[in-house]
Every structure is written in C-alpha cells, then in structure tokens.
$ cat input-v4.txt   # compact mmCIF, C-alpha atoms and all ligand atoms
# COMPACT_ATOMS: atom_id res chain seq x y z
CA MET A 1 36.74 9.69 -82.21
CA ARG A 2 33.17 9.89 -80.93
CA ILE A 3 32.69 8.79 -77.32
CA VAL A 4 29.19 7.98 -76.12
CA SER A 5 27.96 6.47 -72.85
CA GLY A 6 25.04 6.58 -70.45
CA ILE A 7 23.97 5.87 -66.90
CA GLN A 8 20.52 5.21 -65.48
CA PRO A 9 19.35 7.92 -63.10
CA THR A 10 18.11 5.44 -60.53
CA GLY A 11 19.50 5.81 -57.02
CA ASN A 12 22.95 7.09 -56.22
CA LEU A 13 26.12 7.12 -58.24
CA HIS A 14 28.27 4.47 -56.53
CA LEU A 15 31.89 3.43 -56.52
CA GLY A 16 31.26 0.70 -59.12
CA ASN A 17 29.81 3.24 -61.55
CA TYR A 18 32.68 5.60 -60.83
CA LEU A 19 35.61 3.16 -61.19
CA GLY A 20 33.94 1.05 -63.89
CA ALA A 21 32.75 3.88 -66.10
CA ILE A 22 32.60 7.53 -65.03
CA ARG A 23 36.31 7.93 -64.25
CA ASN A 24 36.99 6.68 -67.78
CA TRP A 25 34.42 9.14 -69.18
CA VAL A 26 36.38 11.98 -67.57
CA ARG A 27 39.71 10.65 -68.85
CA MET A 28 38.33 10.13 -72.34
CA GLN A 29 36.81 13.60 -72.29
CA ASP A 30 40.32 14.98 -71.80
CA ASP A 31 41.80 12.72 -74.51
CA ALA A 32 39.02 13.61 -76.93
CA ALA A 33 39.64 17.33 -76.41
CA ALA A 34 43.33 16.79 -77.29
CA GLN A 35 42.44 14.78 -80.43
CA GLY A 36 39.55 16.89 -81.71
CA GLY A 37 37.03 14.16 -80.78
CA GLU A 38 33.57 14.59 -79.34
CA CYS A 39 31.94 13.19 -76.18
CA LEU A 40 28.26 12.63 -75.42
CA PHE A 41 27.19 11.47 -71.97
CA PHE A 42 23.58 11.00 -71.00
CA LEU A 43 21.16 10.05 -68.25
CA ALA A 44 19.34 6.97 -69.49
CA ASP A 45 15.95 8.00 -68.13
CA LEU A 46 14.09 6.12 -70.87
CA HIS A 47 15.87 2.96 -69.73
CA ALA A 48 14.88 3.68 -66.14
CA ILE A 49 11.16 3.21 -66.85
CA SER A 50 11.75 -0.44 -67.81
CA MET A 51 11.49 -1.28 -64.10
CA PRO A 52 8.76 -0.16 -61.66
CA HIS A 53 9.61 3.38 -60.57
CA VAL A 54 8.28 6.39 -58.70
CA PRO A 55 7.93 9.29 -61.20
CA ALA A 56 8.88 12.06 -58.75
CA GLU A 57 12.00 10.10 -57.76
CA LEU A 58 13.02 9.72 -61.40
CA THR A 59 12.86 13.50 -61.85
CA ALA A 60 14.86 14.13 -58.68
CA ASN A 61 17.40 11.42 -59.54
CA THR A 62 17.88 12.81 -63.04
CA ARG A 63 18.96 16.15 -61.57
CA ALA A 64 20.99 14.52 -58.79
CA MET A 65 22.84 12.28 -61.25
CA THR A 66 23.56 15.29 -63.46
CA ALA A 67 25.08 17.07 -60.45
CA ALA A 68 27.09 13.94 -59.59
CA LEU A 69 28.50 13.63 -63.11
CA VAL A 70 29.55 17.28 -63.17
CA ALA A 71 31.06 16.81 -59.69
CA CYS A 72 33.08 13.85 -61.05
CA GLY A 73 34.56 16.05 -63.77
CA ILE A 74 32.20 15.87 -66.74
CA ASP A 75 32.42 19.38 -68.17
CA PRO A 76 29.16 20.41 -69.88
CA ASP A 77 31.06 22.97 -71.95
CA ARG A 78 33.31 20.31 -73.45
CA SER A 79 30.99 17.29 -73.46
CA THR A 80 27.36 17.05 -74.48
CA LEU A 81 25.51 16.14 -71.26
CA PHE A 82 21.78 15.47 -71.53
CA ASN A 83 18.90 13.16 -70.66
CA GLN A 84 17.47 10.80 -73.29
CA ALA A 85 13.85 11.92 -72.80
CA ARG A 86 14.66 15.34 -74.25
CA VAL A 87 16.05 13.80 -77.46
CA PRO A 88 13.20 11.94 -79.21
CA ALA A 89 15.64 10.53 -81.77
CA HIS A 90 16.60 7.81 -79.24
CA ALA A 91 13.08 6.38 -79.09
CA GLU A 92 12.61 6.78 -82.84
CA MET A 93 15.86 5.03 -83.61
CA GLN A 94 14.97 2.19 -81.27
CA TRP A 95 11.83 1.51 -83.27
CA LEU A 96 13.74 1.61 -86.55
CA LEU A 97 16.28 -0.88 -85.17
CA ASN A 98 13.58 -3.18 -83.78
CA GLY A 99 13.13 -4.31 -87.37
CA THR A 100 16.72 -5.55 -87.45
CA ALA A 101 17.23 -6.91 -83.92
CA ARG A 102 16.46 -10.65 -83.76
CA LEU A 103 14.44 -12.28 -80.98
CA GLY A 104 17.15 -14.91 -80.64
CA TRP A 105 19.69 -12.19 -79.86
CA LEU A 106 17.48 -10.59 -77.21
CA ASN A 107 16.74 -13.99 -75.68
CA ARG A 108 20.45 -14.36 -74.91
CA MET A 109 20.76 -11.13 -72.89
CA THR A 110 21.78 -12.08 -69.36
CA GLN A 111 20.68 -8.76 -67.84
CA PHE A 112 17.07 -9.40 -68.89
CA LYS A 113 17.24 -12.85 -67.32
CA ASP A 114 18.74 -11.42 -64.10
CA LYS A 115 16.34 -8.49 -63.79
CA SER A 116 13.17 -10.36 -64.75
CA GLY A 117 14.10 -13.28 -62.47
CA LYS A 118 11.36 -15.80 -61.86
CA LYS A 119 8.62 -13.30 -62.78
CA ARG A 120 9.37 -13.26 -66.51
CA GLU A 121 5.72 -13.17 -67.56
CA SER A 122 5.17 -9.93 -65.67
CA ALA A 123 8.40 -8.20 -66.76
CA SER A 124 7.80 -5.11 -68.90
CA ALA A 125 8.22 -5.23 -72.67
CA ALA A 126 10.64 -2.33 -72.18
CA LEU A 127 12.93 -4.50 -70.07
CA TYR A 128 13.07 -7.01 -72.93
CA THR A 129 13.73 -4.48 -75.71
CA TYR A 130 16.01 -2.37 -73.49
CA PRO A 131 19.20 -3.49 -75.32
CA VAL A 132 17.79 -2.22 -78.64
CA LEU A 133 17.33 1.23 -77.09
CA GLN A 134 20.92 0.99 -75.86
CA ALA A 135 22.06 0.16 -79.40
CA ALA A 136 20.07 3.17 -80.65
CA ASP A 137 21.82 5.38 -78.05
CA VAL A 138 25.24 4.74 -79.46
CA LEU A 139 24.53 4.09 -83.16
CA LEU A 140 22.57 7.34 -83.41
CA TYR A 141 25.77 9.31 -82.82
CA GLN A 142 28.20 7.13 -84.81
CA ALA A 143 29.98 6.28 -81.54
CA THR A 144 33.46 4.85 -81.99
CA HIS A 145 34.19 4.23 -78.28
CA VAL A 146 31.77 3.38 -75.45
CA PRO A 147 33.32 3.44 -71.95
CA VAL A 148 31.38 1.00 -69.73
CA GLY A 149 31.82 -1.58 -66.97
CA GLU A 150 32.00 -5.30 -67.74
CA ASP A 151 28.24 -5.83 -67.20
CA GLN A 152 27.45 -3.79 -70.34
CA LYS A 153 29.77 -5.74 -72.65
CA GLN A 154 27.04 -8.04 -73.93
CA HIS A 155 24.78 -5.07 -74.74
CA LEU A 156 27.57 -3.46 -76.73
CA GLU A 157 28.15 -6.67 -78.67
CA LEU A 158 24.46 -6.66 -79.53
CA ALA A 159 24.75 -3.05 -80.76
CA ARG A 160 27.56 -4.14 -83.07
CA ASP A 161 25.49 -7.09 -84.36
CA ILE A 162 22.53 -4.80 -85.04
CA ALA A 163 24.73 -2.23 -86.80
CA GLN A 164 26.37 -4.90 -88.94
CA LYS A 165 23.13 -6.55 -89.98
CA PHE A 166 21.48 -3.20 -90.71
CA ASN A 167 24.45 -2.08 -92.84
CA ASN A 168 24.42 -5.41 -94.71
CA ASP A 169 20.67 -5.37 -95.29
CA TYR A 170 20.14 -1.72 -96.23
CA ALA A 171 23.40 0.03 -97.11
CA SER A 172 26.20 -0.44 -99.62
CA PRO A 173 29.62 -1.45 -98.25
CA GLU A 174 31.02 1.92 -99.41
CA ALA A 175 28.38 3.91 -97.50
CA PRO A 176 27.44 2.11 -94.26
CA VAL A 177 24.79 3.88 -92.17
CA PHE A 178 26.29 2.90 -88.80
CA THR A 179 29.77 2.83 -87.27
CA LEU A 180 30.55 -0.31 -85.24
CA PRO A 181 31.21 0.90 -81.66
CA GLU A 182 33.93 -0.50 -79.45
CA ALA A 183 33.38 -1.08 -75.70
CA ILE A 184 36.12 0.45 -73.53
CA ILE A 185 36.32 -1.52 -70.28
CA PRO A 186 38.86 -0.59 -67.58
CA PRO A 187 41.08 -3.64 -66.97
CA GLY A 188 41.33 -3.26 -63.17
CA ALA A 189 37.87 -2.03 -62.21
CA ALA A 190 35.55 -3.64 -64.74
CA ARG A 191 33.45 -5.26 -62.02
CA ILE A 192 33.43 -3.81 -58.51
CA MET A 193 31.66 -6.18 -56.14
CA SER A 194 29.27 -5.62 -53.22
CA LEU A 195 30.89 -4.92 -49.84
CA ARG A 196 28.55 -7.49 -48.27
CA ASP A 197 28.88 -10.30 -50.83
CA GLY A 198 31.92 -10.79 -53.04
CA SER A 199 29.89 -12.77 -55.58
CA ALA A 200 27.38 -9.96 -56.36
CA LYS A 201 28.27 -6.79 -58.22
CA MET A 202 28.00 -3.45 -56.43
CA SER A 203 24.65 -2.13 -57.56
CA LYS A 204 22.17 0.70 -57.09
CA SER A 205 19.39 -1.83 -56.68
CA ASP A 206 20.89 -3.77 -53.74
CA PRO A 207 18.47 -3.14 -50.84
CA SER A 208 21.39 -2.81 -48.40
CA ASP A 209 23.08 0.59 -48.54
CA MET A 210 26.02 -1.01 -46.66
CA SER A 211 26.77 -3.01 -49.84
CA ARG A 212 27.98 0.05 -51.73
CA ILE A 213 29.96 3.25 -51.37
CA ASN A 214 27.86 6.09 -52.77
CA LEU A 215 29.70 9.09 -54.13
CA THR A 216 27.29 11.12 -52.04
CA ASP A 217 28.29 9.43 -48.75
CA ASP A 218 30.12 11.63 -46.27
CA ALA A 219 33.58 10.68 -45.00
CA ASP A 220 32.38 8.99 -41.81
CA THR A 221 29.86 6.86 -43.69
CA MET A 222 32.50 5.71 -46.19
CA ILE A 223 34.93 4.76 -43.43
CA GLN A 224 32.21 2.92 -41.52
CA LYS A 225 31.10 0.98 -44.62
CA VAL A 226 34.67 -0.16 -45.29
CA ARG A 227 35.11 -1.11 -41.64
CA LYS A 228 31.97 -3.26 -41.80
CA ALA A 229 32.75 -4.74 -45.23
CA ARG A 230 32.77 -8.53 -45.27
CA THR A 231 36.27 -10.05 -45.31
CA ASP A 232 38.06 -13.18 -44.13
CA PRO A 233 40.38 -13.80 -41.19
CA ASP A 234 43.53 -14.45 -43.30
CA VAL A 235 46.35 -11.98 -43.88
CA LEU A 236 46.97 -10.47 -47.31
CA PRO A 237 49.27 -12.49 -49.58
CA SER A 238 52.20 -11.06 -51.53
CA GLU A 239 50.82 -11.68 -55.01
CA ALA A 240 47.51 -11.28 -56.83
CA ALA A 241 47.28 -14.94 -57.89
CA ARG A 242 47.00 -15.94 -54.22
CA LEU A 243 43.79 -13.94 -53.78
CA GLU A 244 42.02 -16.61 -55.85
CA GLY A 245 38.96 -17.94 -54.00
CA ARG A 246 38.91 -14.91 -51.64
CA ALA A 247 36.31 -12.80 -53.48
CA GLU A 248 35.81 -10.18 -50.76
CA ALA A 249 39.53 -9.71 -50.16
CA ARG A 250 40.19 -9.48 -53.88
CA ASN A 251 37.46 -6.87 -54.27
CA LEU A 252 38.81 -4.60 -51.51
CA VAL A 253 42.37 -4.84 -52.78
CA GLY A 254 41.11 -4.21 -56.33
CA ILE A 255 39.27 -1.09 -55.16
CA TYR A 256 42.42 0.18 -53.46
CA ALA A 257 44.49 -0.50 -56.60
CA ALA A 258 41.98 1.24 -58.88
CA LEU A 259 41.70 4.31 -56.62
CA ALA A 260 45.46 4.60 -56.18
CA ASP A 261 46.15 3.83 -59.87
CA MET A 262 48.43 0.97 -58.81
CA SER A 263 48.55 -2.67 -59.85
CA VAL A 264 47.10 -5.24 -57.43
CA ASP A 265 50.61 -6.70 -57.01
CA ALA A 266 51.98 -3.28 -56.04
CA VAL A 267 49.25 -2.85 -53.41
CA LEU A 268 49.98 -6.32 -52.04
CA ALA A 269 53.70 -5.53 -51.90
CA ASP A 270 52.76 -2.75 -49.44
CA PHE A 271 50.30 -4.80 -47.35
CA ALA A 272 51.53 -8.42 -47.58
CA GLY A 273 51.34 -10.22 -44.25
CA GLN A 274 48.90 -7.70 -42.76
CA GLY A 275 45.30 -8.41 -41.86
CA PHE A 276 42.20 -6.39 -42.65
CA GLY A 277 42.54 -4.57 -39.32
CA ALA A 278 45.41 -2.68 -40.94
CA PHE A 279 44.20 -2.65 -44.53
CA LYS A 280 40.67 -1.33 -43.99
CA PRO A 281 41.64 1.98 -42.34
CA ALA A 282 44.12 2.61 -45.19
CA LEU A 283 41.41 1.90 -47.76
CA GLY A 284 38.94 4.13 -45.90
CA GLU A 285 41.46 6.97 -45.88
CA LEU A 286 42.18 6.57 -49.58
CA LEU A 287 38.46 6.56 -50.40
CA VAL A 288 37.93 9.76 -48.47
CA GLU A 289 40.98 11.40 -50.08
CA LYS A 290 39.73 10.58 -53.60
CA LEU A 291 35.99 11.00 -53.14
CA ALA A 292 35.60 13.85 -50.63
CA PRO A 293 36.37 16.54 -53.25
CA ILE A 294 33.71 15.02 -55.55
CA ASN A 295 31.26 14.93 -52.67
CA ALA A 296 31.93 18.59 -51.85
CA ARG A 297 31.30 19.63 -55.47
CA PHE A 298 28.14 17.50 -55.54
CA VAL A 299 26.77 19.12 -52.37
CA ALA A 300 27.42 22.60 -53.80
CA LEU A 301 25.58 21.76 -57.04
CA LYS A 302 22.74 19.44 -56.17
CA ASP A 303 20.12 22.02 -55.21
CA ASP A 304 20.84 24.45 -58.03
CA HIS A 305 17.98 23.17 -60.19
CA GLN A 306 18.15 26.16 -62.48
CA LEU A 307 21.78 25.48 -63.34
CA LEU A 308 21.23 21.71 -63.71
CA ASP A 309 18.20 22.18 -65.96
CA ALA A 310 20.12 24.71 -68.06
CA ILE A 311 22.97 22.19 -68.51
CA LEU A 312 20.50 19.50 -69.63
CA ASP A 313 18.67 21.90 -71.96
CA LYS A 314 21.85 22.96 -73.69
CA GLY A 315 23.08 19.36 -73.93
CA ALA A 316 19.79 18.14 -75.41
CA GLU A 317 19.85 20.84 -78.06
CA LYS A 318 23.36 19.81 -79.11
CA ALA A 319 22.44 16.11 -79.03
CA ARG A 320 19.33 16.64 -81.18
CA ALA A 321 21.48 18.31 -83.85
CA LEU A 322 24.16 15.59 -83.69
CA ALA A 323 21.54 12.82 -83.98
CA ARG A 324 19.69 14.31 -86.95
CA PRO A 325 21.91 13.19 -89.90
CA THR A 326 22.04 9.51 -88.85
CA LEU A 327 18.33 9.43 -88.00
CA ASP A 328 17.47 10.92 -91.42
CA ALA A 329 19.78 8.46 -93.19
CA THR A 330 18.17 5.55 -91.35
CA TYR A 331 14.63 6.57 -92.33
CA ALA A 332 15.80 7.08 -95.91
CA VAL A 333 17.50 3.71 -96.46
CA LEU A 334 14.48 1.94 -94.97
CA GLY A 335 12.33 3.53 -97.66
CA LEU A 336 10.11 5.41 -95.23
CA CYS A 337 8.40 8.41 -96.87
CA ARG A 338 8.42 11.51 -94.65
P1 LIG B 401 24.15 1.53 -65.21
O1 LIG B 401 23.35 2.76 -64.95
O2 LIG B 401 23.74 0.28 -64.52
O3 LIG B 401 25.66 1.79 -64.87
C1 LIG B 401 26.40 2.87 -65.40
C2 LIG B 401 27.82 2.43 -65.70
O4 LIG B 401 28.45 1.92 -64.53
C3 LIG B 401 28.98 0.62 -64.78
N1 LIG B 401 28.86 -0.20 -63.56
C4 LIG B 401 29.86 -0.87 -62.98
N2 LIG B 401 31.16 -0.99 -63.31
C5 LIG B 401 31.94 -1.75 -62.50
N3 LIG B 401 31.48 -2.36 -61.38
C6 LIG B 401 30.18 -2.27 -61.00
N4 LIG B 401 29.73 -2.86 -59.90
C7 LIG B 401 29.31 -1.49 -61.83
N5 LIG B 401 27.98 -1.19 -61.78
C8 LIG B 401 27.73 -0.40 -62.84
C9 LIG B 401 28.11 0.07 -65.90
O5 LIG B 401 28.79 -0.96 -66.62
C10 LIG B 401 27.87 1.29 -66.75
O6 LIG B 401 28.95 1.53 -67.63
N6 LIG B 401 22.35 0.11 -69.64
C11 LIG B 401 23.30 1.00 -68.98
C12 LIG B 401 23.08 2.46 -69.32
C13 LIG B 401 23.09 2.77 -70.77
C14 LIG B 401 24.22 2.82 -71.62
C15 LIG B 401 23.71 3.18 -72.91
C16 LIG B 401 25.58 2.63 -71.42
C17 LIG B 401 21.99 3.05 -71.51
N7 LIG B 401 22.37 3.30 -72.81
C18 LIG B 401 24.55 3.32 -74.00
C19 LIG B 401 26.42 2.77 -72.54
C20 LIG B 401 25.91 3.11 -73.80
C21 LIG B 401 23.14 0.83 -67.48
O7 LIG B 401 22.11 0.45 -67.01
O8 LIG B 401 24.22 1.27 -66.78
$ encode --input "input-v4.txt" --output "structure tokens"
Amino acid sequence: MRIVSGIQPTGNLHLGNYLGAIRNWVRMQDDAAAQGGECLFFLADLHAISMPHVPAELTANTRAMTAALVACGIDPDRSTLFNQARVPAHAEMQWLLNGTARLGWLNRMTQFKDKSGKKRESASAALYTYPVLQAADVLLYQATHVPVGEDQKQHLELARDIAQKFNNDYASPEAPVFTLPEAIIPPGAARIMSLRDGSAKMSKSDPSDMSRINLTDDADTMIQKVRKARTDPDVLPSEAARLEGRAEARNLVGIYAALADMSVDAVLADFAGQGFGAFKPALGELLVEKLAPINARFVALKDDHQLLDAILDKGAEKARALARPTLDATYAVLGLCR
C-alpha cells in the first residue's frame, strides 16, 4: 500500500479540501501505519505556477499549507511531507511521460477548459500539461491509492491511461514500470459546494471569502459565514431524496453529515421539519467543535519557519530516495543513455 496525494499551496486550506481529501489523508496515514504501508503527501508548488501568481505569496503559502496539513494531523515522522520543487524527479518524470500522453487525452480535461475559460490562447502551456505532471507525481512513487475529491477523478484516470500505455509500449507484462493508481474518493464529501452558490464547488480561487470556510478562520468568522450562507425558505425534509433540486440545502446538510460522520438521512431525522434558523446555529457549533482544535494547532505552528522548513527538507530527502528507482527504470526502458 503506497498512498500519494498533493494539494496546491495557493490560498487557504478550506473545508472542501479538508472533507474531500485531507481528512482521508489522515485516516489513511493511520491505516497505512497499521498495514506497513507508506504515505507521501506534498505541496504541489510546481502545479501552482500554471496560473498567474505572486512569487512571495507562493513561498508564504507553501509554509502556511505545510503548517495547516500538520495541524490537520499529517505527522511528518510517519508520512513523507514535502514540496514538489525540492524533488526534481517530478519535473523529469513529467517530461518522460509527455512522450506517452496523447493530445486527445489532454484535450478532454475539463479542468483545463474551466481554468482557461474564454482566454484559451493566452493560457500557459503548464496549465495544459498540468495533468501529465500530476500523473508523474503519483506514478513516480508506485502509488496504489490516491485520496482526492471528485474534481481530481479525471486526472487520476488520465494517470492510469498514461501508466497503461507506457507499460504496454516499453515494458514486458511480467515487469511493468508503473503501478496503476486507484483514486480514493469519500462518498459523502466528494464535492463540497460554495456557501454562496450551490452549483459551484467550494474553491480557493473564488473571489468571495464568504463562499468558503477556511481552516484558518476563527470561530466567530465560521459561525458568521454559516449564518450568511445562501439557503431557501423551506423546512428540512425527512429523507435525503427530497433534497433534490435544493443544492444549497443539500450542501449544508452534507457538510453536517460529513463533519459528524453521520449519514444524510440520520442528520435529517434529527432536523426534519425545522428551518435553517435552527439548523445553521447547530452547523456553526459543529464546525467550531471540529475545526477549532485544528485552527489552534495551525496558529501555534504557522510562524515557526525553522520547524516548517526542517519538515520540508527532511520530507524532500526521503521523497528523492523513494523516487529514484522508478525514475531510473523509466530512463532505462526509454533507451536514454545517462
Ligand atoms: P487542489 O489543491 O485543488 O485540492 C486539494 C484536494 O482537495 C480536494 N478538493 C475538494 N474536495 C471536495 N470538495 C471541494 N470543494 C474540493 N476542492 C478541492 C481536491 O479534489 C484535492 O484532492 N491537482 C490537484 C493537486 C495535485 C494532486 C497531485 C492530487 C497535484 N498532483 C497528485 C493528487 C495526486 C489540485 O489542484 O488539488
């Protein structure tokens, strides 16, 4: 069992990242320890330069995101925690895989279409080849499981396609170079939506901070954001199926269920017949109960640059060693003389 996943160090860690991915990273870290598996978690700083960015902010966000991940429960002694830029094998492997990735496959990536929008001609080449770097990130370490939110599913499928084609083209069936990774997507929290618009996912890039709960928000801010979240005037129904067509209501109930580790039906059994005037304070309280301890750990860590840099240094050293055998094998089967 080899668990690998990453997050872009752009902006704050938000509730969507936490429920969609990071909480699973922490759970899988514990499972892996019990089963003798290995976990690698990284800040995808190389991915972050695919969009316009402010260099000093990227540096600060890389440290802040490291502090946030440790605050969430990623243990740098048990998991390898690092940033991509310190492990050149990621960029090297991307180039090696560019020979296998097909333009037709990249053309189908919905994230490129969403992020490039109407200005496709001026999008960066990095934004277009971004999914190949993501494939490199996981194939480099022979990942078996990749815990991510729903929006990364298509990228993981591409990584499998690249691995399969590369193995077919350059390796014998008895000695494949790459393991096919499996995406691990949490059933209840795969897609947490914006608090302002139930049809848009909660995202770091939404200009409105009111659209998301940041793990760095203090208790009052969280409660206020929930209070102001968009809803509808109807009461809550008694079963999940009857939330159909009520995107905002479904999102808030889904967040409650995920945080409380309950099913949506069980949450509705407690709140059926009540309006959001009653539900929102309960959700705010639950958010504070679950996230305040993370926030406190984050605040204690965030300015200790020496400690954060030492964590990333140690993680990068481990990652470079773990990447080496697969990188060497990839160069070798391609016939590249070194
Ligand atoms: P990123 O930085 O956008 O998000 C990090 C993780 O959070 C999940 N996520 C969500 N889950 C549920 N609801 C939401 N609203 C929500 N928003 C974000 C994402 O699915 C992701 O798991 N390309 C990746 C980073 C990456 C990566 C990798 C991931 C680079 N290389 C290799 C896995 C393996 C990204 O931009 O995630």
$ closest_atom_pairs --input "input-v4.txt" --of "chain A" --to "ligand LIG 401 (chain B)" --cutoff "6 Å" --atoms "only C-alpha atoms and all ligand atoms" --output "JSON lines"
{"residue": "A:Ser5", "atom": "CA", "partner": "B:LIG401", "partner_atom": "C19", "distance": 4.0}
{"residue": "A:Gly6", "atom": "CA", "partner": "B:LIG401", "partner_atom": "C14", "distance": 4.0}
{"residue": "A:Ile7", "atom": "CA", "partner": "B:LIG401", "partner_atom": "O1", "distance": 3.7}
{"residue": "A:Gln8", "atom": "CA", "partner": "B:LIG401", "partner_atom": "O1", "distance": 3.8}
{"residue": "A:Gly16", "atom": "CA", "partner": "B:LIG401", "partner_atom": "C6", "distance": 3.7}
{"residue": "A:Asn17", "atom": "CA", "partner": "B:LIG401", "partner_atom": "O4", "distance": 3.5}
{"residue": "A:Gly20", "atom": "CA", "partner": "B:LIG401", "partner_atom": "N2", "distance": 3.5}
{"residue": "A:Ala21", "atom": "CA", "partner": "B:LIG401", "partner_atom": "O6", "distance": 4.7}
{"residue": "A:Ala44", "atom": "CA", "partner": "B:LIG401", "partner_atom": "C17", "distance": 5.1}
{"residue": "A:Gln134", "atom": "CA", "partner": "B:LIG401", "partner_atom": "N7", "distance": 4.1}
{"residue": "A:Asp137", "atom": "CA", "partner": "B:LIG401", "partner_atom": "C18", "distance": 5.3}
{"residue": "A:Val138", "atom": "CA", "partner": "B:LIG401", "partner_atom": "C18", "distance": 5.7}
{"residue": "A:Val148", "atom": "CA", "partner": "B:LIG401", "partner_atom": "O6", "distance": 3.3}
{"residue": "A:Gly149", "atom": "CA", "partner": "B:LIG401", "partner_atom": "O5", "distance": 3.1}
{"residue": "A:Glu150", "atom": "CA", "partner": "B:LIG401", "partner_atom": "O5", "distance": 5.5}
{"residue": "A:Asp151", "atom": "CA", "partner": "B:LIG401", "partner_atom": "O5", "distance": 4.9}
{"residue": "A:Gln152", "atom": "CA", "partner": "B:LIG401", "partner_atom": "O5", "distance": 4.9}
{"residue": "A:Ala189", "atom": "CA", "partner": "B:LIG401", "partner_atom": "C5", "distance": 5.9}
{"residue": "A:Ala190", "atom": "CA", "partner": "B:LIG401", "partner_atom": "C5", "distance": 4.6}
{"residue": "A:Arg191", "atom": "CA", "partner": "B:LIG401", "partner_atom": "N3", "distance": 3.6}
{"residue": "A:Ile192", "atom": "CA", "partner": "B:LIG401", "partner_atom": "N3", "distance": 3.8}
{"residue": "A:Met193", "atom": "CA", "partner": "B:LIG401", "partner_atom": "N4", "distance": 5.4}
{"residue": "A:Lys201", "atom": "CA", "partner": "B:LIG401", "partner_atom": "N4", "distance": 4.5}
{"residue": "A:Met202", "atom": "CA", "partner": "B:LIG401", "partner_atom": "N4", "distance": 3.9}
{"residue": "A:Ser203", "atom": "CA", "partner": "B:LIG401", "partner_atom": "N5", "distance": 5.5}
$ residues_near_point --input "input-v4.txt" --point "(26.9, 14.4, -73.2)" --cutoff "9 Å" --atoms "all atoms listed in the file" --output "list in words"
Val4, Ser5, Gly6, Cys39, Leu40, Phe41, Phe42, Leu43, Ile74, Asp75, Pro76, Arg78, Ser79, Thr80, Leu81, Phe82, Asn83, Leu312, Gly315, Ala316, Lys318 and Ala319 of chain A
$ closest_atom_pairs --input "input-v4.txt" --of "segment 139-206 of chain A" --to "segment 88-111 of chain A" --cutoff "9 Å" --atoms "all atoms listed in the file" --output "Markdown table"
| residue | atom | partner | partner_atom | distance |
| --- | --- | --- | --- | --- |
| A:Leu139 | CA | A:Met93 | CA | 8.7 |
| A:Leu140 | CA | A:Met93 | CA | 7.1 |
| A:Asp151 | CA | A:Gln111 | CA | 8.1 |
| A:Gln152 | CA | A:Gln111 | CA | 8.8 |
| A:Gln154 | CA | A:Met109 | CA | 7.1 |
| A:His155 | CA | A:Met109 | CA | 7.5 |
| A:Leu158 | CA | A:Trp105 | CA | 7.3 |
| A:Asp161 | CA | A:Ala101 | CA | 8.3 |
| A:Ile162 | CA | A:Ala101 | CA | 5.8 |
| A:Ala163 | CA | A:Thr100 | CA | 8.7 |
| A:Lys165 | CA | A:Thr100 | CA | 7.0 |
| A:Phe166 | CA | A:Thr100 | CA | 6.2 |
| A:Asp169 | CA | A:Thr100 | CA | 8.8 |
$ atom_distance --input "input-v4.txt" --atom1 "atom CA of Ile22 of chain A" --atom2 "atom CA of Ile294 of chain A"
12.1 Å
$ atom_distance --input "input-v4.txt" --atom1 "atom CA of Ser124 of chain A" --atom2 "atom CA of Ala323 of chain A"
27.2 Å
$ closest_residue --input "input-v4.txt" --among "A:Asn295, A:Ser263, A:Thr326, A:Thr66" --to "Pro187 of chain A" --atoms "all atoms listed in the file"
A:Ser263
$ closest_residue --input "input-v4.txt" --among "A:Ala200, A:Ala125, A:Met262, A:Ala249" --to "Gly275 of chain A" --atoms "all atoms listed in the file"
A:Ala249
$ residues_around --input "input-v4.txt" --residues "Asp197 of chain A" --least-positions-apart "6" --cutoff "10 Å" --atoms "only C-alpha atoms" --output "NGL selection string"
:A and (211 or 229-231 or 247-248 or 251)
$ residues_around --input "input-v4.txt" --residues "Ile255 of chain A" --least-positions-apart "4" --cutoff "9 Å" --atoms "all atoms listed in the file" --output "list in words"
Leu15, Leu19, Gly188, Ala189, Ile192, Arg250, Asn251, Leu259, Ala260 and Leu283 of chain A
$ closest_residue --input "input-v4.txt" --among "A:Ala240, A:Val299, A:Ala183, A:Ala171" --to "Asp265 of chain A" --atoms "only C-alpha atoms"
A:Ala240
$ atom_distance --input "input-v4.txt" --atom1 "atom CA of Pro281 of chain A" --atom2 "atom CA of His14 of chain A"
19.7 Å
$ closest_residue --input "input-v4.txt" --among "A:Pro55, A:Pro186, A:Pro207, A:Pro173" --to "Asp261 of chain A" --atoms "only C-alpha atoms"
A:Pro186
$ residues_around --input "input-v4.txt" --residues "Val288 of chain A" --least-positions-apart "2" --cutoff "12 Å" --atoms "all atoms listed in the file" --output "PyMOL selection string"
chain A and resi 15+213-226+256+259-260+281-286+290-296
$ axis_aligned_box --input "input-v4.txt" --around "segment 244-256 of chain A" --padding-each-side "5 Å" --output "AutoDock Vina command-line options"
--center_x 39.1 --center_y -8.9 --center_z -53.2 --size_x 16.6 --size_y 28.1 --size_z 16.2
$ closest_residue --input "input-v4.txt" --among "A:Thr129, A:Asn168, A:Arg120, A:Lys153" --to "Val333 of chain A" --atoms "only C-alpha atoms"
A:Asn168
